[in-house]
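Inspection log for the structure reproduced underneath, given as structure tokens.
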Amino acid sequence: MDRDWGAKTGGGGVASGTNSNVDRRERLRKLAMETIDLNRDPYFMRNHLGSYDCRLCFTMHTNEGNYLAHTQGRRHQTNLAKREASIAKETPTPAMLAKQKQKQFPQKTTVKIGRPGYRVTKQRDPETDQLSLLFQIEFPEVEEGFLPRHRFMSAYEQRVDQPDRKYQYLLFAAEPYETIAFKIPNREIEPPGKDGPNKRYYTNWDREKHVYTLQLYFKNQSMGPQDMSMGPESLPPPIPNTLPIFNPPPPGSF
């Protein structure tokens with residue numbers, strides 16, 4: 001006759017696999033609660049419902065013990081391994097840094113030979129009554145294959161003159177010449193448009209004569225009563241004549 005009671009100690013049957021897993025997880029949970037500080041766990045988060053979330057596995061747990069038991073499970077450990085592999089892949093190794101350093105091109109140093117010659121012509125369109133400025137910059141010793149560049153700079157961007165919002169600066173640069181700048185009225189300029197007889201913003205580089213040409217037109221609506229005068233005093237002299245020191249920007253920065 002089978003009896004399920006009154007057996008002596010150690011006389012029970014072998015525990016099933018489910019009971020073994022439950023017992024193992026309980027022992028791991030107790031061990032984790034004694035050794036792991038949840039305040040330092042980046043994936044432990046308490047939600048608004050009072051339960052706990054694992055931000056790595058996107059799981060919800062009723063209490064801290066249940067979360068700690070989850071951290072010892074296969075799913076959490078697998079996600080941790082994937083996370084570490086992803087971080088290691090994104091972090092450059094010393095060999096990768098050395099390889100990138102070899103690919104960097106050395107900074108080019110050019111000996112400046114002085115300022116280029118220039119010619120500035122003030123004009124007014126007889127039809128639209130717009131003020132126009134024509135800049136012709138000569139670069140006879142420009143490096144072969146180098147295209148001169150220009151850019152506009154606000155009075156608060158430059159560090160040579162005292163800032164004055166009435167003016168802006170027009171810079172021209174080409175190696176191996178020094179960068180020169182012209183101080184022009186701070187008015188709205190006609191934007192570059194398509195080629196045609198009504199084009200109000202024109203640039204050209206003559207490769208044979210080595211002359212860079214820029215012509216611009218100021219919009220009439222931005223002019224005040226003072227700015228309508230075309231006398232010599234209406235246009236300040238270029239920066240090179242008044243400021244001998246002007247740091248040229250590196251090539252290709254325009």
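We name chains A, B, ... following the order of the structure tokens; residues begin at 1 in each chain, and ligands are numbered from 1 as shown.
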
Where does DSSP see strand (DSSP E or B) in region 22-232 of chain A, if you list the residues as a PyMOL selection string?
chain A and resi 44-46+52-54+59-61+117-124+131-138+149-154+167-173+180-185+189+201-206+211-218

Show me, as a ChimeraX atom specification, the residues that have an atom within 8 Å of region 26-41 of chain A when counting only C-alpha atoms, minus same-chain residues fewer than 3 positions from it.
/A:22-23,44,65-66,68-69,72

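In terms of minimum interatomic distance to Pro148 (chain A), A:Pro116 ranks closest within A:Pro191, A:Pro94, A:Pro126, A:Pro116, counting only C-alpha atoms.
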
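Coordinates place CA of Ile137 (chain A) at a distance of 23.2 Å from CA of Arg159 (chain A).
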
Hey, can you check how far CA of Leu147 (chain A) sits from CA of Trp205 (chain A)?
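Pair CA of Leu147 (chain A) / CA of Trp205 (chain A) returns 7.6 Å.
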
Members of region 126-233 of chain A assigned helix (DSSP H, G or I) by DSSP, as a list in words
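In region 126-233 of chain A, DSSP puts these residues in helix (DSSP H, G or I): Asn220, Gln221, Ser222, Gln226, Asp227, Met228, Pro232 and Glu233 of chain A.
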
Keeping only C-alpha atoms, write the selected residues to a file as a PDB file, in the first residue's frame.
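This went into result_15.pdb:
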```
ATOM      1  CA  ASN A 220      16.188 100.474 -53.268  1.00  0.00           C
ATOM      2  CA  GLN A 221      13.683  99.825 -50.491  1.00  0.00           C
ATOM      3  CA  SER A 222      16.500  99.301 -47.972  1.00  0.00           C
ATOM      4  CA  GLN A 226      21.518 109.393 -46.277  1.00  0.00           C
ATOM      5  CA  ASP A 227      22.398 106.312 -48.298  1.00  0.00           C
ATOM      6  CA  MET A 228      21.158 107.775 -51.594  1.00  0.00           C
ATOM      7  CA  PRO A 232      33.095 109.389 -52.316  1.00  0.00           C
ATOM      8  CA  GLU A 233      32.287 109.729 -48.620  1.00  0.00           C
TER       9      GLU A 233
END
```

Tell me, as a PyMOL selection string, which residues lie within 6 Å of Tyr167 (chain A), counting only C-alpha atoms; anything in the same chain fewer than 6 positions away does not count.
chain A and resi 184-186

Taking 6 positions as the minimum chain separation for residues in the same chain, which residues sit within 6 Å of Tyr177 (chain A) when counting only C-alpha atoms? Answer as a PyMOL selection string.
chain A and resi 112-115

Expected file contents, prior selection, all heavy atoms, as a short mmCIF file (atom, residue, chain, number, x, y, z; two decimals), in the first residue's frame:
```
data_model
loop_
_atom_site.label_atom_id
_atom_site.label_comp_id
_atom_site.auth_asym_id
_atom_site.auth_seq_id
_atom_site.Cartn_x
_atom_site.Cartn_y
_atom_site.Cartn_z
N LYS A 112 52.50 83.69 -47.63
CA LYS A 112 51.76 84.77 -48.24
C LYS A 112 52.71 85.73 -48.95
O LYS A 112 53.81 86.04 -48.46
CB LYS A 112 50.96 85.53 -47.18
CG LYS A 112 49.97 84.66 -46.41
CD LYS A 112 48.93 84.07 -47.34
CE LYS A 112 47.94 83.21 -46.57
NZ LYS A 112 46.92 82.61 -47.46
N ILE A 113 52.29 86.21 -50.12
CA ILE A 113 53.14 87.09 -50.94
C ILE A 113 52.63 88.51 -50.96
O ILE A 113 53.16 89.35 -51.70
CB ILE A 113 53.25 86.55 -52.38
CG1 ILE A 113 51.87 86.54 -53.06
CG2 ILE A 113 53.86 85.17 -52.40
CD1 ILE A 113 51.93 86.14 -54.52
N GLY A 114 51.61 88.82 -50.16
CA GLY A 114 51.11 90.18 -50.11
C GLY A 114 49.65 90.26 -50.50
O GLY A 114 48.96 89.25 -50.67
N ARG A 115 49.18 91.49 -50.67
CA ARG A 115 47.78 91.72 -51.01
C ARG A 115 47.62 91.87 -52.52
O ARG A 115 48.49 92.41 -53.20
CB ARG A 115 47.27 92.98 -50.32
CG ARG A 115 47.32 92.89 -48.81
CD ARG A 115 47.04 94.24 -48.19
NE ARG A 115 47.22 94.18 -46.74
CZ ARG A 115 47.53 95.21 -45.99
NH1 ARG A 115 47.71 96.39 -46.54
NH2 ARG A 115 47.67 95.08 -44.68
#
```

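Taking only C-alpha atoms into account, Ala181 (chain A) lies nearest to A:Tyr169 out of the set A:Arg75, A:Pro140, A:Glu84, A:Tyr169.
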
Skipping near chain neighbours, those fewer than 2 positions away, what residues fall within 8 Å of Ala173 (chain A) using only C-alpha atoms, listed as a list in words?
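The residues satisfying every condition are Pro148, Arg149, His150, Leu171, Glu175, Tyr177, Glu178, Thr179, Ile180 and Pro248 of chain A.
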